[in-house]
Structures are given as C-alpha cells and as structure tokens.
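S.K.: I have a structure I would like to understand better, so I am pasting it below and will then ask my questions one at a time.
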Amino acid sequence: MFKDRTIGVTGGLGLIGSFLCGELIRVGARVVLVDDESKGSWKYIPHLRDKVEFRKGSLENPHFAKEALEGCTSVFHLASRAYGVGFSQKNNFEMFRFNDLINTNVLDAIALHKAEQALVVSSSCVYPDDGPTPMPDSIPFGGEPERVNWGYGWAKRILEQKAVIYQKETGIPITVVRPFNIYGEHYNWVGDSSQAIPMLVKRILDGENPVLIWGTGNQRRNYIHALDCSRVMMRLLENGYFERPVNIGREETVSVRDLVSRIVASAGLDVTIVTDRTKPEGRFIKSADSKLLTAALGDDFEWKVSLREGLERMIAWYHATFPKNEAVTAG
Ligand SMILES: NC(=O)c1ccc[n+]([C@@H]2O[C@H](COP(=O)([O-])OP(=O)(O)OC[C@H]3O[C@@H](n4cnc5c(N)ncnc54)[C@H](O)[C@@H]3O)[C@@H](O)[C@H]2O)c1
C-alpha cells in the first residue's frame, strides 16, 4: 500500500519517526519528512538524508503545516513535544498548548489535502493513574490523565477526540494509536528531560556508578522497540484499522530496577543501583491490554526486536556512535 505513494511523516527525525521513515523507504514509499529539528536530528540518521524529501519548519505555524503535507496521500503524525516526567510535570500548560496547537494544524492540513488516510499518535499518558491494570483501549475516560504528564495527556486526549470528529466530518479514516514505552537507537538526548531507557543507557555507558533511579525502582513498564512500533503503525494503516484507539504495548512488564540490571549486564559492567524516592516515578504499573492490538495486526504480524535484543542494539549503537571518552552533549 505504501509502494510508490507519497507518505508524510511529521516528527520524522525523532525516535519513532526515524525508524518509520526507514521502514517506509524499505517498502518503496516516497517519504516527505516534516520536522523542525527542535529535538530530532540528522546526525544519527545520515543514511536517510538523500532518500527522503525534507520539509523543514514548525508545525506551530498553520501555513507551514499546510505546505508541508501537500501531495501526501497518507500521513503519519508523530511530531510532538515529548520529554521525560521531570520536564513534563513542571510545564503542563506549555506541553498542552504546544501539542494541541500542532495537532490542530496537522489535522487541518490532512483535511485540506484530502489525504486518503492518516495515523495520529496519542499516548498511554491519556490513562488515569488509578485506572485498571492492564490498561484497556477504551474511550471515553474517567478521571484525569496521568498526573506527571497532565498537560501533555490532555493534549493527547483532545487529539483523539479531534480525530474522531474530523473522521466523521471529512470521511478521512484516521487511526489513533497509544504507544506505551518506546525505546531504541537514534535517540537525541535532551539532558535531564530525556526519556527513561535512553537516559539510563547513556548514564550507564558514560560510567555513572552508582546509577541513580528515580522513585522506588519498583515501578513497572513494558517496552517496545521503535522499529517494531513503526512496523505496527504501518500495519494498522495497511489493515485499514481506524475504529478506536489502539494500545501499542503489552501486558508483561519489567521493573525499572530490573531494566537497569539488564542494561548493566548487556554492557558487561559492574554497577551499584541507588534510588531516590523524592523524585517522581509516575504510575506504579503501566501495562497495556493488547487484545485489540493483536486482533488489529492480524495473525501473521511478527515482532522483530525482543527487549534483550533491543538493549543490545542500543548499546552497540552507542559504542559505535560515541567512541569512548567522547562526551555527548544534550540536545
Ligand atoms: N517514545 C515514547 O515512549 C512514546 C510514548 C507514547 C507516545 N509517544 C508519541 O509518539 C510520537 C513520537 O515520539 P518520539 O519518541 O519519536 O518523539 P521524539 O521527541 O523523538 O520526536 C518528535 C519529533 O517531533 C519534532 N517536532 C517537535 N515539535 C515540532 C514542530 N513544532 N514542528 C515540526 N516538528 C516538531 C521533533 O524535532 C522530533 O524530531 C510523539 O507524538 C509522542 O508523543 C511516544
């Protein structure tokens, strides 16, 4: 379905977007990569530079958003301001305002150009902290979104609702996905505002010892590699799945403490772990009900990257990209 088609990817320089662009190119799509380079960067994906059409600008600008998505038959909307909880919980209004603005501009552009279909990316942060475990792919919600990502979570909830309304009014099928914790290579660090796995990998490989974990370390998450996440997104559009938001996550979880131990073991290091209970740790267990995902993907979908392989990939990438003693600066 993507071969020889022009596919727009907003946020294509980001963690998930960079893998998605790579996969779309692999299956023969013409990729229009839209990004303002505010967080994503070409420095880790130079191999894609000549294979895509890069439209640089900020989707905060509605005129740019319309120009950027012109000619795209399908659109994957990934651009967002998404940082770790340390930043998010102190900047709720900014996270809400910024994300809501770019989401509206992108949906307007999709409607204007009459794309054949689109996929927009929400988040597991839409779920309330006291909801059921595992989290079901349900709508509407009770309560507030995840406390430590309150403003960001509201912007994602509103994106989901806007997608439903746009779909009804324009007839354009819009798939909505809620990724849980996604990780992988190509990550552009943003100092203390980086997300969990990339931040941990970098700190451990940079030689931090003891390694500090925020919260108790017992909080549990499920992790999916960005390559698999991007393959899921493509498959959902291929299967014409747009009935209701679908979790990109799994039931099984690992504790953050266990995750650190696995990174340390994969890297062949000997490191002590300490915790700081004064720091936020978010919801205790974040596990996804994946029944809908499994049904929507179809029986023949194969996951390619296990957590063990994913961590090994990240560590190998880190060593290859940043030779020893070469510091990585934030941003
Ligand atoms: N990574 C995760 O664990 C996770 C979990 C849940 C949801 N998500 C969602 O998935 C999507 C992709 O996440 P990611 O981890 O790849 O994020 P990322 O931060 O790595 O990538 C986002 C990209 O959007 C770009 N961008 C930001 N503002 C922009 C603007 N105004 N105009 C144009 N481009 C802009 C950034 O430069 C960056 O390249 C996001 O919508 C995010 O909210 C991610």
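Ligands are numbered from 1 in the order shown, residues from 1 within each chain, and chains are lettered A, B, ... in the order they appear in the structure tokens.
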Hey, which residues sit close to ligand 1? Say within 7 Å, counting only C-alpha atoms and all ligand atoms, and write them as a VMD selection string.
M.R.: chain A and resid 10 to 17 34 to 41 57 to 60 78 to 83 102 121 to 124 178 to 183 187
S.K.: Using DSSP on the backbone coordinates, identify all residues within segment 10-178 of chain A classified as alpha helix (DSSP H); present the result as a PyMOL selection string.
M.R.: chain A and resi 15-26+62-68+85-88+92-112+150-170
S.K.: Within 10 Å of segment 164-176 of chain A, counting only C-alpha atoms, which residues qualify if same-chain residues fewer than 6 places away don't, as a PyMOL selection string?
M.R.: chain A and resi 74-77+107-108+110-112+114-123+158+233+236-237+240-247
S.K.: Please give the complete set of residues from segment 44-126 of chain A that DSSP, run on the backbone, assigns to strand (DSSP E), formatted as a list in words.
M.R.: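 Listing strand (DSSP E) positions across segment 44-126 of chain A yields Val52, Glu53, Phe54, Arg55, Lys56, Ser74, Val75, Phe76, His77, Gln117, Ala118, Leu119, Val120 and Val121 of chain A.
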S.K.: When you count only C-alpha atoms, which of these residues is closest to Leu159 of chain A: A:Arg55, A:His319, A:Arg97, A:Arg220?
M.R.: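 Closest residue, counting only C-alpha atoms: A:Arg97.
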S.K.: To one decimal in Å, tell me the separation between atom CA of Val271 of chain A and atom CA of Ile204 of chain A.
M.R.: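 Going from atom CA of Val271 of chain A over to atom CA of Ile204 of chain A, I get 8.2 Å.
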S.K.: Which residues are close to Asp270 of chain A, i.e. within 9 Å by only C-alpha atoms, leaving aside same-chain residues fewer than 5 positions away? Reply as a ChimeraX atom specification.
M.R.: /A:209,264-265
S.K.: Could you save the residues just selected, with N, CA and C atoms, as a JSON list (two decimals), in the first residue's frame?
M.R.:
```
[["chain", "number", "residue", "atom", "x", "y", "z"],
["A", 209, "ASN", "N", 28.27, 5.57, 38.31],
["A", 209, "ASN", "CA", 28.29, 4.47, 39.30],
["A", 209, "ASN", "C", 28.46, 5.08, 40.69],
["A", 264, "VAL", "N", 22.97, -3.09, 32.45],
["A", 264, "VAL", "CA", 24.31, -3.26, 33.03],
["A", 264, "VAL", "C", 24.89, -4.60, 32.59],
["A", 265, "ALA", "N", 24.07, -5.66, 32.65],
["A", 265, "ALA", "CA", 24.56, -7.00, 32.26],
["A", 265, "ALA", "C", 24.89, -7.03, 30.78]]
```
S.K.: How many Å separate atom CA of Thr321 of chain A from atom CA of Ile197 of chain A?
M.R.: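 Between these atoms lies a distance of 17.1 Å.
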S.K.: Report the distance between atom CA of Trp154 of chain A and atom CA of Val232 of chain A in Å, rounded to one decimal place.
M.R.: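 Separation between atom CA of Trp154 of chain A and atom CA of Val232 of chain A: 24.1 Å.
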S.K.: From the list A:Val31, A:Val177, A:Val254, A:Val201, which residue is nearest Leu292 of chain A when using only C-alpha atoms?
M.R.: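 The answer is A:Val177, which sits nearest to Leu292 of chain A.
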S.K.: I want to know what sits within 10 Å of segment 286-290 of chain A, based on only C-alpha atoms, with residues of the same chain fewer than 4 positions away left out; could you give that as a PDB file with N, CA and C atoms, in the first residue's frame?
M.R.:
```pdb
ATOM      1  N   SER A 124       0.001   6.501  26.062  1.00  0.00           N
ATOM      2  CA  SER A 124      -0.564   5.836  27.246  1.00  0.00           C
ATOM      3  C   SER A 124      -0.788   6.843  28.380  1.00  0.00           C
ATOM      4  N   CYS A 125      -0.233   8.064  28.234  1.00  0.00           N
ATOM      5  CA  CYS A 125      -0.435   9.088  29.272  1.00  0.00           C
ATOM      6  C   CYS A 125      -1.886   9.553  29.346  1.00  0.00           C
ATOM      7  N   TYR A 127      -4.292   7.729  30.044  1.00  0.00           N
ATOM      8  CA  TYR A 127      -4.979   6.947  31.068  1.00  0.00           C
ATOM      9  C   TYR A 127      -4.806   7.575  32.449  1.00  0.00           C
ATOM     10  N   ASP A 129      -4.205   7.646  36.528  1.00  0.00           N
ATOM     11  CA  ASP A 129      -3.287   6.876  37.373  1.00  0.00           C
ATOM     12  C   ASP A 129      -3.989   5.732  38.102  1.00  0.00           C
ATOM     13  N   PRO A 132      -7.753   0.749  35.613  1.00  0.00           N
ATOM     14  CA  PRO A 132      -7.460  -0.686  35.714  1.00  0.00           C
ATOM     15  C   PRO A 132      -6.098  -1.051  35.117  1.00  0.00           C
ATOM     16  N   THR A 133      -5.556  -2.161  35.585  1.00  0.00           N
ATOM     17  CA  THR A 133      -4.309  -2.723  35.049  1.00  0.00           C
ATOM     18  C   THR A 133      -4.598  -4.138  34.566  1.00  0.00           C
ATOM     19  N   PRO A 134      -4.243  -4.525  33.344  1.00  0.00           N
ATOM     20  CA  PRO A 134      -3.657  -3.680  32.307  1.00  0.00           C
ATOM     21  C   PRO A 134      -4.660  -2.656  31.790  1.00  0.00           C
ATOM     22  N   MET A 135      -4.130  -1.624  31.117  1.00  0.00           N
ATOM     23  CA  MET A 135      -4.981  -0.518  30.673  1.00  0.00           C
ATOM     24  C   MET A 135      -5.732  -0.903  29.404  1.00  0.00           C
ATOM     25  N   PRO A 136      -7.050  -0.858  29.435  1.00  0.00           N
ATOM     26  CA  PRO A 136      -7.838  -1.259  28.261  1.00  0.00           C
ATOM     27  C   PRO A 136      -7.909  -0.135  27.219  1.00  0.00           C
ATOM     28  N   ASP A 137      -8.078  -0.494  25.941  1.00  0.00           N
ATOM     29  CA  ASP A 137      -8.133   0.565  24.912  1.00  0.00           C
ATOM     30  C   ASP A 137      -9.550   1.157  24.887  1.00  0.00           C
ATOM     31  N   ARG A 178      -1.918   4.496  20.813  1.00  0.00           N
ATOM     32  CA  ARG A 178      -1.407   4.927  22.125  1.00  0.00           C
ATOM     33  C   ARG A 178      -0.175   4.110  22.471  1.00  0.00           C
ATOM     34  N   PRO A 179       1.010   4.578  22.059  1.00  0.00           N
ATOM     35  CA  PRO A 179       2.218   3.840  22.446  1.00  0.00           C
ATOM     36  C   PRO A 179       2.436   3.914  23.949  1.00  0.00           C
ATOM     37  N   PHE A 180       3.040   2.862  24.486  1.00  0.00           N
ATOM     38  CA  PHE A 180       3.456   2.854  25.892  1.00  0.00           C
ATOM     39  C   PHE A 180       4.922   3.315  25.922  1.00  0.00           C
ATOM     40  N   ASN A 181       5.844   2.504  26.425  1.00  0.00           N
ATOM     41  CA  ASN A 181       7.232   2.988  26.486  1.00  0.00           C
ATOM     42  C   ASN A 181       8.014   2.477  25.288  1.00  0.00           C
ATOM     43  N   GLN A 219       8.716   0.519  40.101  1.00  0.00           N
ATOM     44  CA  GLN A 219       7.683   0.834  39.113  1.00  0.00           C
ATOM     45  C   GLN A 219       7.915  -0.007  37.852  1.00  0.00           C
ATOM     46  N   ARG A 220       6.809  -0.475  37.269  1.00  0.00           N
ATOM     47  CA  ARG A 220       6.927  -1.457  36.178  1.00  0.00           C
ATOM     48  C   ARG A 220       6.413  -0.876  34.871  1.00  0.00           C
ATOM     49  N   ARG A 221       7.116  -1.169  33.804  1.00  0.00           N
ATOM     50  CA  ARG A 221       6.764  -0.651  32.485  1.00  0.00           C
ATOM     51  C   ARG A 221       6.880  -1.770  31.459  1.00  0.00           C
ATOM     52  N   ASN A 222       6.245  -1.568  30.301  1.00  0.00           N
ATOM     53  CA  ASN A 222       6.511  -2.506  29.192  1.00  0.00           C
ATOM     54  C   ASN A 222       7.155  -1.712  28.076  1.00  0.00           C
ATOM     55  N   TYR A 223       8.090  -2.329  27.410  1.00  0.00           N
ATOM     56  CA  TYR A 223       8.938  -1.607  26.461  1.00  0.00           C
ATOM     57  C   TYR A 223       8.848  -2.235  25.078  1.00  0.00           C
ATOM     58  N   VAL A 246      -5.880   2.311  19.647  1.00  0.00           N
ATOM     59  CA  VAL A 246      -5.297   1.011  19.946  1.00  0.00           C
ATOM     60  C   VAL A 246      -3.978   1.200  20.709  1.00  0.00           C
ATOM     61  N   ASN A 247      -3.845   0.464  21.794  1.00  0.00           N
ATOM     62  CA  ASN A 247      -2.601   0.487  22.571  1.00  0.00           C
ATOM     63  C   ASN A 247      -1.452  -0.115  21.768  1.00  0.00           C
ATOM     64  N   ILE A 248      -0.295   0.526  21.790  1.00  0.00           N
ATOM     65  CA  ILE A 248       0.911  -0.154  21.299  1.00  0.00           C
ATOM     66  C   ILE A 248       1.725  -0.478  22.548  1.00  0.00           C
ATOM     67  N   GLY A 249       1.431  -1.617  23.111  1.00  0.00           N
ATOM     68  CA  GLY A 249       2.072  -2.025  24.354  1.00  0.00           C
ATOM     69  C   GLY A 249       1.689  -3.458  24.653  1.00  0.00           C
ATOM     70  N   ARG A 250       2.231  -3.968  25.722  1.00  0.00           N
ATOM     71  CA  ARG A 250       1.988  -5.364  26.085  1.00  0.00           C
ATOM     72  C   ARG A 250       1.589  -5.473  27.559  1.00  0.00           C
ATOM     73  N   GLU A 251       1.090  -6.660  27.916  1.00  0.00           N
ATOM     74  CA  GLU A 251       0.712  -6.923  29.309  1.00  0.00           C
ATOM     75  C   GLU A 251       1.954  -7.079  30.188  1.00  0.00           C
ATOM     76  N   GLU A 252       2.978  -7.792  29.696  1.00  0.00           N
ATOM     77  CA  GLU A 252       4.151  -8.099  30.535  1.00  0.00           C
ATOM     78  C   GLU A 252       4.930  -6.815  30.836  1.00  0.00           C
ATOM     79  N   THR A 253       5.401  -6.728  32.078  1.00  0.00           N
ATOM     80  CA  THR A 253       6.175  -5.543  32.457  1.00  0.00           C
ATOM     81  C   THR A 253       7.486  -5.971  33.113  1.00  0.00           C
ATOM     82  N   VAL A 254       8.437  -5.052  33.150  1.00  0.00           N
ATOM     83  CA  VAL A 254       9.651  -5.276  33.959  1.00  0.00           C
ATOM     84  C   VAL A 254       9.826  -4.052  34.858  1.00  0.00           C
ATOM     85  N   GLY A 282       5.822   8.240  38.539  1.00  0.00           N
ATOM     86  CA  GLY A 282       4.638   8.012  37.707  1.00  0.00           C
ATOM     87  C   GLY A 282       3.824   6.840  38.222  1.00  0.00           C
ATOM     88  N   THR A 294      -3.493  -7.065  19.009  1.00  0.00           N
ATOM     89  CA  THR A 294      -3.248  -8.369  18.389  1.00  0.00           C
ATOM     90  C   THR A 294      -4.269  -8.628  17.278  1.00  0.00           C
ATOM     91  N   ALA A 295      -5.535  -8.312  17.560  1.00  0.00           N
ATOM     92  CA  ALA A 295      -6.576  -8.545  16.548  1.00  0.00           C
ATOM     93  C   ALA A 295      -6.385  -7.616  15.354  1.00  0.00           C
ATOM     94  N   ALA A 296      -6.035  -6.365  15.628  1.00  0.00           N
ATOM     95  CA  ALA A 296      -5.915  -5.385  14.538  1.00  0.00           C
ATOM     96  C   ALA A 296      -4.699  -5.667  13.656  1.00  0.00           C
TER      97      ALA A 296
END
```
S.K.: Rank nothing, just name the residue among A:Val126, A:Lys279, A:Asp258, A:Lys43 nearest to Glu160 of chain A, using only C-alpha atoms.
M.R.: A:Val126
